[in-house]
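Participant: Below is the file data-v1.cif, which contains mmCIF, C-alpha atoms and all ligand atoms.
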data_target
#
loop_
_atom_site.label_atom_id
_atom_site.label_comp_id
_atom_site.auth_asym_id
_atom_site.auth_seq_id
_atom_site.Cartn_x
_atom_site.Cartn_y
_atom_site.Cartn_z
CA MET T 1 8.95 -15.60 12.23
CA SER T 2 10.47 -12.11 12.13
CA SER T 3 12.43 -11.06 15.17
CA ARG T 4 14.24 -7.80 14.24
CA ILE T 5 12.28 -5.42 12.11
CA SER T 6 12.96 -2.17 10.28
CA ILE T 7 9.98 0.04 9.48
CA LEU T 8 10.10 2.45 6.57
CA GLY T 9 7.43 5.04 7.41
CA SER T 10 7.04 4.31 11.14
CA THR T 11 5.11 7.53 11.87
CA GLY T 12 2.27 6.77 9.45
CA SER T 13 -0.93 4.83 9.95
CA ILE T 14 0.62 1.45 9.01
CA GLY T 15 3.91 2.30 10.75
CA ARG T 16 2.21 3.09 14.07
CA GLN T 17 0.03 -0.03 13.91
CA SER T 18 3.14 -2.08 13.09
CA LEU T 19 4.77 -0.83 16.29
CA ASP T 20 1.63 -1.86 18.21
CA VAL T 21 2.01 -5.38 16.84
CA ILE T 22 5.77 -5.44 17.50
CA ALA T 23 5.23 -4.33 21.11
CA ALA T 24 2.39 -6.83 21.66
CA CYS T 25 4.36 -9.71 20.13
CA GLY T 26 7.69 -8.95 21.82
CA MET T 27 9.66 -8.37 18.61
CA GLN T 28 12.65 -5.99 18.26
CA VAL T 29 13.06 -2.85 16.13
CA ALA T 30 16.26 -2.41 14.11
CA ALA T 31 15.49 0.86 12.29
CA LEU T 32 12.74 3.44 11.94
CA THR T 33 12.23 6.03 9.21
CA ALA T 34 9.96 9.02 8.61
CA ASN T 35 9.85 12.04 6.38
CA SER T 36 9.68 14.96 8.83
CA SER T 37 7.62 13.93 11.90
CA VAL T 38 10.48 14.50 14.32
CA GLU T 39 8.55 14.56 17.60
CA LEU T 40 6.72 11.30 16.99
CA VAL T 41 9.76 9.48 15.67
CA GLU T 42 11.75 10.64 18.70
CA ARG T 43 9.10 9.14 21.03
CA GLN T 44 9.12 5.92 19.00
CA ALA T 45 12.92 5.76 19.09
CA ARG T 46 13.02 6.23 22.86
CA GLN T 47 10.42 3.49 23.33
CA PHE T 48 11.80 0.91 20.87
CA ASN T 49 15.52 1.72 20.99
CA PRO T 50 16.44 1.03 17.34
CA GLU T 51 20.00 1.05 16.02
CA LEU T 52 19.19 3.67 13.38
CA VAL T 53 16.55 6.29 12.62
CA ALA T 54 16.48 7.86 9.14
CA MET T 55 14.61 11.01 8.18
CA MET T 56 14.02 11.70 4.49
CA ASP T 57 14.05 15.42 5.22
CA GLU T 58 17.67 16.45 5.97
CA GLN T 59 16.61 19.32 8.22
CA ALA T 60 14.49 16.91 10.25
CA ALA T 61 17.46 14.55 10.46
CA ALA T 62 19.63 17.36 11.87
CA ASP T 63 16.93 18.22 14.41
CA LEU T 64 16.52 14.58 15.46
CA ARG T 65 20.29 14.15 15.85
CA VAL T 66 20.24 16.89 18.50
CA ARG T 67 17.16 15.44 20.21
CA LEU T 68 18.67 11.93 20.41
CA ALA T 69 22.18 13.08 21.37
CA ASP T 70 21.83 11.48 24.82
CA THR T 71 21.20 8.02 23.29
CA GLN T 72 23.24 5.47 21.29
CA ILE T 73 20.79 5.74 18.38
CA ARG T 74 22.33 6.77 15.06
CA VAL T 75 20.44 9.25 12.84
CA ALA T 76 20.75 9.31 9.04
CA GLY T 77 19.15 11.54 6.41
CA GLY T 78 17.80 11.55 2.85
CA MET T 79 17.28 8.66 0.46
CA GLU T 80 20.67 7.25 1.49
CA GLY T 81 19.44 7.09 5.08
CA LEU T 82 16.27 5.29 3.99
CA ILE T 83 18.32 2.77 2.04
CA GLU T 84 20.62 2.24 5.01
CA ALA T 85 17.57 1.58 7.19
CA ALA T 86 16.23 -0.87 4.59
CA THR T 87 19.47 -2.82 4.41
CA LEU T 88 20.64 -2.88 8.03
CA PRO T 89 22.38 -6.25 8.52
CA SER T 90 20.79 -6.85 11.95
CA ALA T 91 17.20 -6.77 10.57
CA ASP T 92 15.53 -9.82 9.08
CA THR T 93 12.34 -8.06 7.98
CA VAL T 94 11.52 -4.66 6.48
CA ILE T 95 8.00 -3.25 6.69
CA THR T 96 7.59 -0.92 3.71
CA ALA T 97 5.02 1.59 4.97
CA VAL T 98 6.08 4.82 3.30
CA VAL T 99 3.48 6.37 1.05
CA GLY T 100 4.16 6.66 -2.66
CA MET T 101 6.72 5.53 -5.15
CA VAL T 102 9.50 7.03 -3.00
CA GLY T 103 9.48 3.55 -1.43
CA LEU T 104 10.74 1.88 -4.60
CA LYS T 105 14.52 2.30 -4.18
CA PRO T 106 14.68 1.27 -0.50
CA THR T 107 12.40 -1.70 -1.19
CA LEU T 108 14.65 -2.89 -4.01
CA ALA T 109 17.68 -2.39 -1.76
CA ALA T 110 16.10 -4.50 1.01
CA ILE T 111 15.22 -7.22 -1.51
CA ARG T 112 18.84 -7.34 -2.70
CA GLU T 113 19.83 -8.07 0.91
CA GLY T 114 17.36 -10.98 0.99
CA LYS T 115 15.17 -9.41 3.71
CA ARG T 116 11.58 -10.45 4.18
CA ILE T 117 9.48 -7.60 2.82
CA ALA T 118 6.21 -6.96 4.67
CA LEU T 119 4.82 -4.88 1.85
CA ALA T 120 2.29 -2.13 2.51
CA ASN T 121 3.67 0.38 0.01
CA LYS T 122 1.57 -0.72 -2.97
CA GLU T 123 2.78 2.11 -5.23
CA THR T 124 6.11 0.25 -5.47
CA LEU T 125 4.49 -2.76 -7.12
CA VAL T 126 2.18 -0.65 -9.28
CA CYS T 127 5.15 1.25 -10.71
CA ALA T 128 7.71 -1.48 -10.98
CA GLY T 129 6.02 -4.80 -10.26
CA GLU T 130 7.99 -6.73 -12.87
CA LEU T 131 11.35 -5.45 -11.59
CA VAL T 132 10.47 -5.92 -7.91
CA MET T 133 9.12 -9.46 -8.32
CA ALA T 134 12.07 -10.49 -10.51
CA ALA T 135 14.52 -9.10 -7.93
CA ALA T 136 12.71 -10.93 -5.11
CA GLN T 137 13.05 -14.18 -7.04
CA GLU T 138 16.71 -13.56 -7.84
CA TYR T 139 17.72 -12.71 -4.26
CA GLY T 140 15.38 -15.16 -2.53
CA ALA T 141 13.52 -12.39 -0.68
CA GLU T 142 10.00 -13.22 0.53
CA ILE T 143 7.39 -10.58 -0.18
CA VAL T 144 4.48 -10.95 2.21
CA PRO T 145 1.59 -8.54 1.68
CA VAL T 146 0.31 -6.18 4.36
CA ASP T 147 -2.52 -4.72 2.27
CA SER T 148 -5.61 -6.39 3.77
CA GLU T 149 -7.00 -7.68 0.46
CA HIS T 150 -3.70 -9.16 -0.64
CA SER T 151 -3.12 -10.67 2.77
CA ALA T 152 -6.58 -12.24 2.49
CA LEU T 153 -5.68 -13.69 -0.92
CA PHE T 154 -2.33 -14.90 0.45
CA GLN T 155 -4.06 -16.54 3.44
CA SER T 156 -6.70 -18.09 1.19
CA MET T 157 -3.96 -19.67 -0.94
CA GLN T 158 -1.95 -21.19 1.91
CA GLY T 159 -3.30 -24.67 1.18
CA CYS T 160 -2.84 -24.32 -2.56
CA ARG T 161 0.03 -26.39 -3.96
CA ASP T 162 -0.55 -25.49 -7.62
CA ARG T 163 -1.43 -21.88 -8.56
CA GLY T 164 -2.83 -23.30 -11.81
CA GLU T 165 -5.80 -24.47 -9.73
CA VAL T 166 -6.77 -20.84 -9.01
CA LYS T 167 -9.57 -19.72 -11.32
CA ARG T 168 -10.04 -16.18 -10.06
CA LEU T 169 -8.91 -13.73 -7.38
CA ILE T 170 -11.82 -11.67 -6.05
CA LEU T 171 -10.79 -8.39 -4.45
CA THR T 172 -13.32 -6.79 -2.15
CA ALA T 173 -13.74 -3.00 -2.08
CA SER T 174 -15.50 -1.00 0.60
CA GLY T 175 -16.77 1.40 -2.08
CA GLY T 176 -15.44 4.35 -0.06
CA PRO T 177 -17.44 7.25 1.38
CA PHE T 178 -19.22 8.03 -1.92
CA PHE T 179 -20.68 4.63 -2.76
CA GLY T 180 -23.89 5.14 -4.76
CA TRP T 181 -23.01 8.73 -5.78
CA LYS T 182 -23.16 9.81 -9.42
CA ARG T 183 -20.58 11.82 -11.35
CA GLU T 184 -22.41 15.14 -11.06
CA ASP T 185 -22.62 14.80 -7.26
CA LEU T 186 -18.95 13.86 -7.06
CA GLU T 187 -17.88 17.15 -8.71
CA GLY T 188 -18.71 18.97 -5.47
CA VAL T 189 -16.85 16.65 -3.08
CA THR T 190 -14.73 18.58 -0.57
CA LEU T 191 -11.41 17.50 0.95
CA GLU T 192 -13.05 17.11 4.35
CA LYS T 193 -15.68 14.70 2.98
CA ALA T 194 -13.10 12.71 0.99
CA LEU T 195 -11.00 12.21 4.11
CA LYS T 196 -13.83 10.43 5.97
CA HIS T 197 -13.58 6.72 5.23
CA PRO T 198 -16.49 4.61 6.52
CA ASN T 199 -14.47 1.61 7.81
CA TRP T 200 -10.73 2.28 7.94
CA SER T 201 -8.57 4.98 9.50
CA MET T 202 -5.63 5.50 7.11
CA GLY T 203 -3.16 8.10 5.83
CA ALA T 204 -4.55 10.99 3.75
CA LYS T 205 -3.33 9.82 0.34
CA ILE T 206 -4.78 6.30 0.52
CA THR T 207 -8.01 7.69 2.00
CA VAL T 208 -8.45 9.89 -1.08
CA ASP T 209 -7.52 6.93 -3.31
CA SER T 210 -10.24 4.92 -1.58
CA ALA T 211 -12.76 7.68 -2.26
CA THR T 212 -11.92 7.83 -6.00
CA LEU T 213 -11.64 3.98 -6.16
CA MET T 214 -8.11 4.45 -7.53
CA ASN T 215 -7.02 2.45 -4.49
CA LYS T 216 -8.85 -0.61 -5.82
CA GLY T 217 -7.27 -0.07 -9.23
CA LEU T 218 -3.80 0.10 -7.66
CA GLU T 219 -4.64 -3.05 -5.69
CA PHE T 220 -5.71 -4.82 -8.89
CA ILE T 221 -2.25 -4.16 -10.38
CA GLU T 222 -0.62 -5.09 -7.05
CA ALA T 223 -2.45 -8.46 -7.09
CA MET T 224 -1.41 -9.16 -10.70
CA HIS T 225 2.25 -8.79 -9.78
CA LEU T 226 2.17 -10.46 -6.37
CA TYR T 227 0.37 -13.56 -7.63
CA HIS T 228 1.45 -13.57 -11.29
CA MET T 229 -2.17 -13.43 -12.42
CA PRO T 230 -3.40 -12.03 -15.75
CA PRO T 231 -6.01 -9.25 -15.47
CA GLU T 232 -8.81 -11.48 -16.75
CA LYS T 233 -8.39 -13.70 -13.68
CA ILE T 234 -8.99 -10.88 -11.17
CA SER T 235 -12.32 -9.32 -10.35
CA ILE T 236 -13.58 -6.69 -7.95
CA VAL T 237 -16.72 -6.76 -5.86
CA VAL T 238 -17.97 -4.00 -3.58
CA HIS T 239 -18.44 -5.23 -0.01
CA ARG T 240 -19.46 -2.30 2.17
CA GLU T 241 -18.83 -3.97 5.52
CA SER T 242 -15.06 -4.71 5.06
CA ILE T 243 -15.39 -8.03 6.87
CA VAL T 244 -14.59 -10.38 3.95
CA HIS T 245 -11.15 -9.09 2.99
CA SER T 246 -10.93 -10.95 -0.35
CA LEU T 247 -11.59 -14.37 -1.85
CA VAL T 248 -9.99 -16.99 -4.08
CA GLU T 249 -12.11 -19.05 -6.45
CA TYR T 250 -10.61 -22.41 -7.43
CA CYS T 251 -11.12 -24.50 -10.57
CA ASP T 252 -13.63 -26.75 -8.77
CA ASN T 253 -15.67 -23.59 -7.91
CA ALA T 254 -14.79 -23.78 -4.23
CA VAL T 255 -14.28 -20.26 -2.89
CA ILE T 256 -11.99 -19.59 0.07
CA ALA T 257 -12.13 -16.24 1.84
CA GLN T 258 -10.45 -14.59 4.81
CA LEU T 259 -12.67 -12.69 7.25
CA GLY T 260 -11.86 -10.51 10.23
CA SER T 261 -12.65 -7.20 11.88
CA PRO T 262 -11.35 -4.27 9.81
CA ASP T 263 -8.10 -3.92 11.74
CA MET T 264 -4.83 -3.61 9.81
CA ARG T 265 -2.93 -5.11 12.73
CA ILE T 266 -4.17 -8.57 11.63
CA PRO T 267 -2.52 -8.51 8.16
CA ILE T 268 0.52 -6.63 9.53
CA GLN T 269 1.04 -9.31 12.16
CA TYR T 270 0.56 -12.15 9.69
CA ALA T 271 3.22 -10.63 7.40
CA LEU T 272 5.60 -10.76 10.36
CA THR T 273 4.73 -14.21 11.71
CA TRP T 274 3.92 -16.13 8.50
CA PRO T 275 3.80 -19.11 8.17
CA SER T 276 2.99 -19.22 11.91
CA ARG T 277 0.21 -17.47 13.80
CA ILE T 278 0.43 -16.11 17.33
CA PRO T 279 -2.13 -14.27 19.53
CA GLY T 280 -2.22 -10.55 18.72
CA PRO T 281 -3.74 -7.21 19.74
CA ALA T 282 -6.62 -7.03 17.18
CA ASP T 283 -10.26 -7.50 18.22
CA PRO T 284 -11.94 -10.80 17.35
CA LEU T 285 -14.74 -10.86 14.76
CA ASP T 286 -18.24 -11.30 16.15
CA LEU T 287 -20.36 -12.70 13.33
CA LEU T 288 -23.57 -12.13 15.27
CA THR T 289 -23.07 -8.37 15.57
CA CYS T 290 -21.17 -7.46 12.40
CA GLY T 291 -24.45 -7.26 10.45
CA PRO T 292 -25.41 -8.79 7.10
CA LEU T 293 -22.64 -9.06 4.53
CA THR T 294 -23.51 -7.52 1.16
CA PHE T 295 -21.88 -7.60 -2.28
CA ALA T 296 -22.37 -5.31 -5.29
CA GLN T 297 -20.84 -4.30 -8.63
CA PRO T 298 -18.42 -1.35 -8.65
CA ASP T 299 -19.72 1.69 -10.55
CA LEU T 300 -17.12 2.18 -13.30
CA GLU T 301 -19.08 5.04 -14.87
CA SER T 302 -19.10 7.33 -11.81
CA PHE T 303 -15.58 6.45 -10.65
CA PRO T 304 -13.35 6.75 -13.75
CA CYS T 305 -10.10 6.12 -11.84
CA LEU T 306 -10.96 2.44 -11.55
CA PRO T 307 -11.42 1.72 -15.30
CA MET T 308 -8.28 3.78 -16.03
CA ALA T 309 -6.30 1.59 -13.65
CA LEU T 310 -7.78 -1.58 -15.17
CA ASN T 311 -6.71 -0.30 -18.56
CA ALA T 312 -3.17 0.39 -17.30
CA ALA T 313 -3.15 -3.16 -15.88
CA ARG T 314 -3.96 -4.56 -19.33
CA ILE T 315 -1.33 -2.41 -21.06
CA GLY T 316 1.45 -3.36 -18.61
CA GLY T 317 5.04 -2.05 -18.91
CA THR T 318 5.32 1.52 -17.65
CA ALA T 319 1.54 2.12 -17.79
CA GLY T 320 1.32 1.45 -14.03
CA ALA T 321 4.08 3.98 -13.31
CA ILE T 322 2.34 6.60 -15.47
CA LEU T 323 -1.02 5.99 -13.79
CA ASN T 324 0.54 6.09 -10.33
CA GLY T 325 2.79 9.12 -10.89
CA ALA T 326 -0.11 11.13 -12.28
CA ASN T 327 -2.36 10.02 -9.43
CA GLU T 328 0.21 10.91 -6.75
CA ALA T 329 0.63 14.37 -8.29
CA ALA T 330 -3.13 14.95 -8.69
CA VAL T 331 -3.98 13.71 -5.20
CA GLY T 332 -1.21 15.98 -3.85
CA LEU T 333 -2.95 18.95 -5.50
CA PHE T 334 -6.35 17.87 -4.16
CA LEU T 335 -4.92 17.54 -0.63
CA LYS T 336 -3.72 21.14 -0.92
CA GLU T 337 -7.23 22.10 -2.16
CA LYS T 338 -5.78 23.33 -5.45
CA ILE T 339 -8.04 21.16 -7.62
CA GLY T 340 -11.47 19.53 -7.30
CA PHE T 341 -12.21 15.88 -6.58
CA MET T 342 -13.13 14.99 -10.18
CA ASP T 343 -10.02 16.80 -11.45
CA ILE T 344 -8.07 13.84 -10.08
CA PRO T 345 -9.35 11.43 -12.78
CA ARG T 346 -9.15 14.22 -15.38
CA ARG T 347 -5.48 14.86 -14.60
CA VAL T 348 -4.68 11.14 -14.58
CA ALA T 349 -6.45 10.70 -17.93
CA ARG T 350 -4.42 13.55 -19.38
CA ALA T 351 -1.14 11.98 -18.29
CA MET T 352 -2.22 8.58 -19.62
CA GLU T 353 -2.87 10.22 -23.01
CA LYS T 354 0.32 12.29 -23.10
CA VAL T 355 2.91 9.79 -21.89
CA ALA T 356 3.46 6.73 -24.06
CA PRO T 357 4.00 3.48 -22.12
CA ILE T 358 6.86 1.14 -22.96
CA GLN T 359 7.15 -2.59 -22.33
CA SER T 360 9.75 -4.49 -20.21
CA PRO T 361 11.07 -1.30 -18.58
CA THR T 362 14.33 -0.83 -16.73
CA LEU T 363 14.38 1.01 -13.40
CA GLU T 364 15.42 4.20 -15.22
CA ASP T 365 12.45 3.79 -17.64
CA VAL T 366 10.10 3.53 -14.65
CA LEU T 367 11.56 6.63 -12.99
CA GLN T 368 11.36 8.53 -16.29
CA ALA T 369 7.71 7.48 -16.83
CA ASP T 370 6.93 8.62 -13.28
CA ARG T 371 8.56 12.04 -13.84
CA GLU T 372 6.78 12.60 -17.17
CA ALA T 373 3.42 11.55 -15.75
CA ARG T 374 3.78 13.90 -12.77
CA ARG T 375 4.68 16.75 -15.12
CA ALA T 376 1.65 16.05 -17.34
CA ALA T 377 -0.67 15.87 -14.34
CA LEU T 378 0.66 19.06 -12.73
CA THR T 379 0.40 21.21 -15.88
CA GLU T 380 -2.60 23.55 -15.83
P1 LIG T 401 0.67 7.70 6.05
O1 LIG T 401 0.53 8.93 5.24
O2 LIG T 401 -0.12 7.57 7.30
O3 LIG T 401 2.23 7.50 6.45
C1 LIG T 401 3.24 7.63 5.52
C2 LIG T 401 4.60 7.38 6.13
O4 LIG T 401 5.59 7.62 5.13
C3 LIG T 401 4.94 8.34 7.28
O5 LIG T 401 5.82 7.71 8.16
C4 LIG T 401 5.64 9.49 6.56
O6 LIG T 401 6.52 10.23 7.39
C5 LIG T 401 6.42 8.71 5.51
N1 LIG T 401 6.66 9.52 4.31
C6 LIG T 401 5.79 10.33 3.67
N2 LIG T 401 6.36 10.93 2.60
C7 LIG T 401 7.63 10.47 2.56
C8 LIG T 401 8.74 10.74 1.72
N3 LIG T 401 8.65 11.57 0.67
N4 LIG T 401 9.89 10.11 1.98
C9 LIG T 401 10.02 9.26 3.01
N5 LIG T 401 9.01 8.97 3.86
C10 LIG T 401 7.83 9.57 3.64
O7 LIG T 401 0.41 6.46 5.06
P2 LIG T 401 -0.26 5.05 5.40
O8 LIG T 401 0.40 4.44 6.58
O9 LIG T 401 -1.72 5.16 5.37
O10 LIG T 401 0.15 4.23 4.08
C11 LIG T 401 1.47 3.78 3.86
C12 LIG T 401 1.45 2.81 2.68
O11 LIG T 401 0.69 1.67 3.03
C13 LIG T 401 0.81 3.39 1.42
O12 LIG T 401 1.47 2.92 0.30
C14 LIG T 401 -0.60 2.84 1.46
O13 LIG T 401 -1.16 2.68 0.18
C15 LIG T 401 -0.36 1.48 2.10
N6 LIG T 401 -1.52 0.92 2.80
C16 LIG T 401 -2.06 1.60 3.86
C17 LIG T 401 -3.15 1.10 4.54
C18 LIG T 401 -3.71 1.79 5.75
O14 LIG T 401 -4.60 1.25 6.39
N7 LIG T 401 -3.24 2.95 6.12
C19 LIG T 401 -3.79 -0.16 4.10
C20 LIG T 401 -3.12 -0.81 3.02
C21 LIG T 401 -2.04 -0.27 2.40
P3 LIG T 401 6.03 11.62 8.11
O15 LIG T 401 5.11 11.21 9.21
O16 LIG T 401 7.29 12.23 8.60
O17 LIG T 401 5.35 12.42 7.04
MG MG T 402 -6.28 -2.50 0.77
#
Please express the file's structure as structure tokens.
Ligand code: NDP
Ligand code: MG
Facilitator:
Amino acid sequence: MSSRISILGSTGSIGRQSLDVIAACGMQVAALTANSSVELVERQARQFNPELVAMMDEQAAADLRVRLADTQIRVAGGMEGLIEAATLPSADTVITAVVGMVGLKPTLAAIREGKRIALANKETLVCAGELVMAAAQEYGAEIVPVDSEHSALFQSMQGCRDRGEVKRLILTASGGPFFGWKREDLEGVTLEKALKHPNWSMGAKITVDSATLMNKGLEFIEAMHLYHMPPEKISIVVHRESIVHSLVEYCDNAVIAQLGSPDMRIPIQYALTWPSRIPGPADPLDLLTCGPLTFAQPDLESFPCLPMALNAARIGGTAGAILNGANEAAVGLFLKEKIGFMDIPRRVARAMEKVAPIQSPTLEDVLQADREARRAALTE
């Protein structure tokens, strides 16, 4: 069980819920990081008394240094600061809860120190899954998923001694706020509507990804890497209620699922306590009031981000980094209301056409693919 934890991205949705779990379970905080949310990170630092706080934004780091001058807490800045937070010797576990592929370098650094990685930052695996999983193996670092679907798969495989017995991983998808909508209706989607998720309260980027279904595509690639599964052994089913968090079908056709109320604190806590379980702050599931559980096919025609991601999954190599880089850039434009909702898949498609993927990439190849994809997606 984790006892001293560093959180990369402590001011975000996952970061804040992680601190809830840490407080409820009596664990310690070694380091916190954020981009620029100085006020919130200051409050967190005063409450949890970490050794180090790192701000990606150097100006924010300077500001925080002044604010925390009356404490013993050290403040670092930039990517170096993030890496220092990820590799702090006193921490046994690092929760990777930054948004986007900016999490890749600190995650790799933490892996090289043999830390347990409680992995929320899925973009890291989508971009560089082969490199990250190989490094985890080499340095003996455990990667325990925080993403609810992957945690459900992980939990449903706890009794499995031979992964060869797994026939299929079944990822559930809420379908997002526009389930049942057709392409022509989706053209008019506003930022405000896209930011309203029916079941989960999350950061802006992942909420938009959930609305385009890109999130499920990223999760498909994440599952391939985490569980070393080929794409043909993973399927996606829409489950509007977000109660069944994912399922594993075995060779004897037994299906094991994990259920729970839609509360990220359950998978966050499990990533910290695995292989044990302890009482936690999340609400219990009441089967009698959660309503009927339904399952449906995803609509690949209306939501083109999902088939594009499945295609990138089949291609492999840097295709994931190209898909992700283009998506991060396009979603960034949508969040600034510079482009429309359906321009997101159009921009991603353009980048996928323009940038040629390569196989067995190095870290530099991945970073290069990411840069080229962003450029292609940002060009008018
Ligand atoms: P948020 O946007 O809520 O939080 C992002 C965090 O990362 C904040 O602490 C933010 O700091 C920090 N950050 C943002 N940009 C940078 C940057 N350029 N450099 C360094 N730090 C940065 O995101 P979420 O918590 O929703 O998501 C985090 C990750 O977890 C994502 O990869 C997401 O896909 C994944 N995830 C999230 C789930 C959820 O329920 N939210 C569920 C499953 C997975 P600041 O506050 O200063 O901007
Ligand atoms: Mg998820």
Participant: What does the structure give for the distance between CA of Asp20 (chain T) and CA of Ser6 (chain T), in Å to one decimal?
Facilitator: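 According to the coordinates, CA of Asp20 (chain T) and CA of Ser6 (chain T) are separated by 13.8 Å.
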Participant: Determine, using all atoms listed in the file, which residues of chain T have any atom at most 7 Å from an atom of ligand MG 402 (chain T), and tabulate each with its shortest atom pair and distance in Å to one decimal place, rows ordered by chain and then rising number, as JSON lines.
Facilitator:
{"residue": "T:Asp147", "atom": "CA", "partner": "T:MG402", "partner_atom": "MG", "distance": 4.6}
{"residue": "T:Ser148", "atom": "CA", "partner": "T:MG402", "partner_atom": "MG", "distance": 5.0}
{"residue": "T:Glu149", "atom": "CA", "partner": "T:MG402", "partner_atom": "MG", "distance": 5.2}
{"residue": "T:Glu219", "atom": "CA", "partner": "T:MG402", "partner_atom": "MG", "distance": 6.7}
Participant: Any idea what's packed within 9 Å of region 360-368 of chain T, counting only C-alpha atoms, ignoring anything in its chain fewer than 4 positions away? Could you give it as a VMD selection string?
Facilitator: chain T and resid 127 to 128 130 to 131 316 to 318 321 to 322 372 to 373
Participant: Report the distance between CA of Gln17 (chain T) and atom N2 of ligand LIG 401 (chain T) in Å, rounded to one decimal place.
Facilitator: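 If I compute the distance from CA of Gln17 (chain T) to atom N2 of ligand LIG 401 (chain T), I get 17.0 Å.
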Participant: Once you count only C-alpha atoms and all ligand atoms, which residues end up within 7 Å of ligand LIG 401 (chain T), and could you hand them over as a PyMOL selection string?
Facilitator: chain T and resi 8-15+33-38+56+97-100+102+120-123+146-148+200-206+264
Participant: Would you pick out the contacts of Asp70 (chain T) at 12 Å or less, using only C-alpha atoms, so that residues sharing its chain but fewer than 5 positions from it are not included, and give the list as a PDB file with C-alpha atoms, in the frame of the given file?
Facilitator:
ATOM      1  CA  GLU T  42      11.750  10.640  18.700  1.00  0.00           C
ATOM      2  CA  ARG T  46      13.020   6.230  22.860  1.00  0.00           C
ATOM      3  CA  LEU T  64      16.520  14.580  15.460  1.00  0.00           C
ATOM      4  CA  ARG T  65      20.290  14.150  15.850  1.00  0.00           C
TER       5      ARG T  65
END
Participant: Could you tell me which of T:Thr87, T:Thr207, T:Ser302, T:Thr93 comes closest to Leu108 (chain T) if we count all atoms listed in the file?
Facilitator: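 Distance minimum relative to Leu108 (chain T) lands on T:Thr87.
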Participant: Please list as an NGL selection string every residue within 10 Å of Arg74 (chain T), counting all atoms listed in the file and excluding residues in the same chain fewer than 5 positions away.
Facilitator: :T and (31 or 50-54 or 64-65 or 68-69)
Participant: Quick one: what's the axis-aligned box for region 10-14 of chain T, all listed atoms, 3 Å on every side, centre and edges in Å to one decimal, as JSON?
Facilitator:
{"center_x": 3.1, "center_y": 4.5, "center_z": 10.4, "size_x": 14.0, "size_y": 12.1, "size_z": 8.9}
Participant: Out of T:Leu125, T:Ile268, T:Leu285, T:Leu293, which residue has the shortest atom-to-atom distance to Leu226 (chain T) when counting all atoms listed in the file?
Facilitator: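 With all atoms listed in the file as the atom set, the closest residue is T:Leu125.
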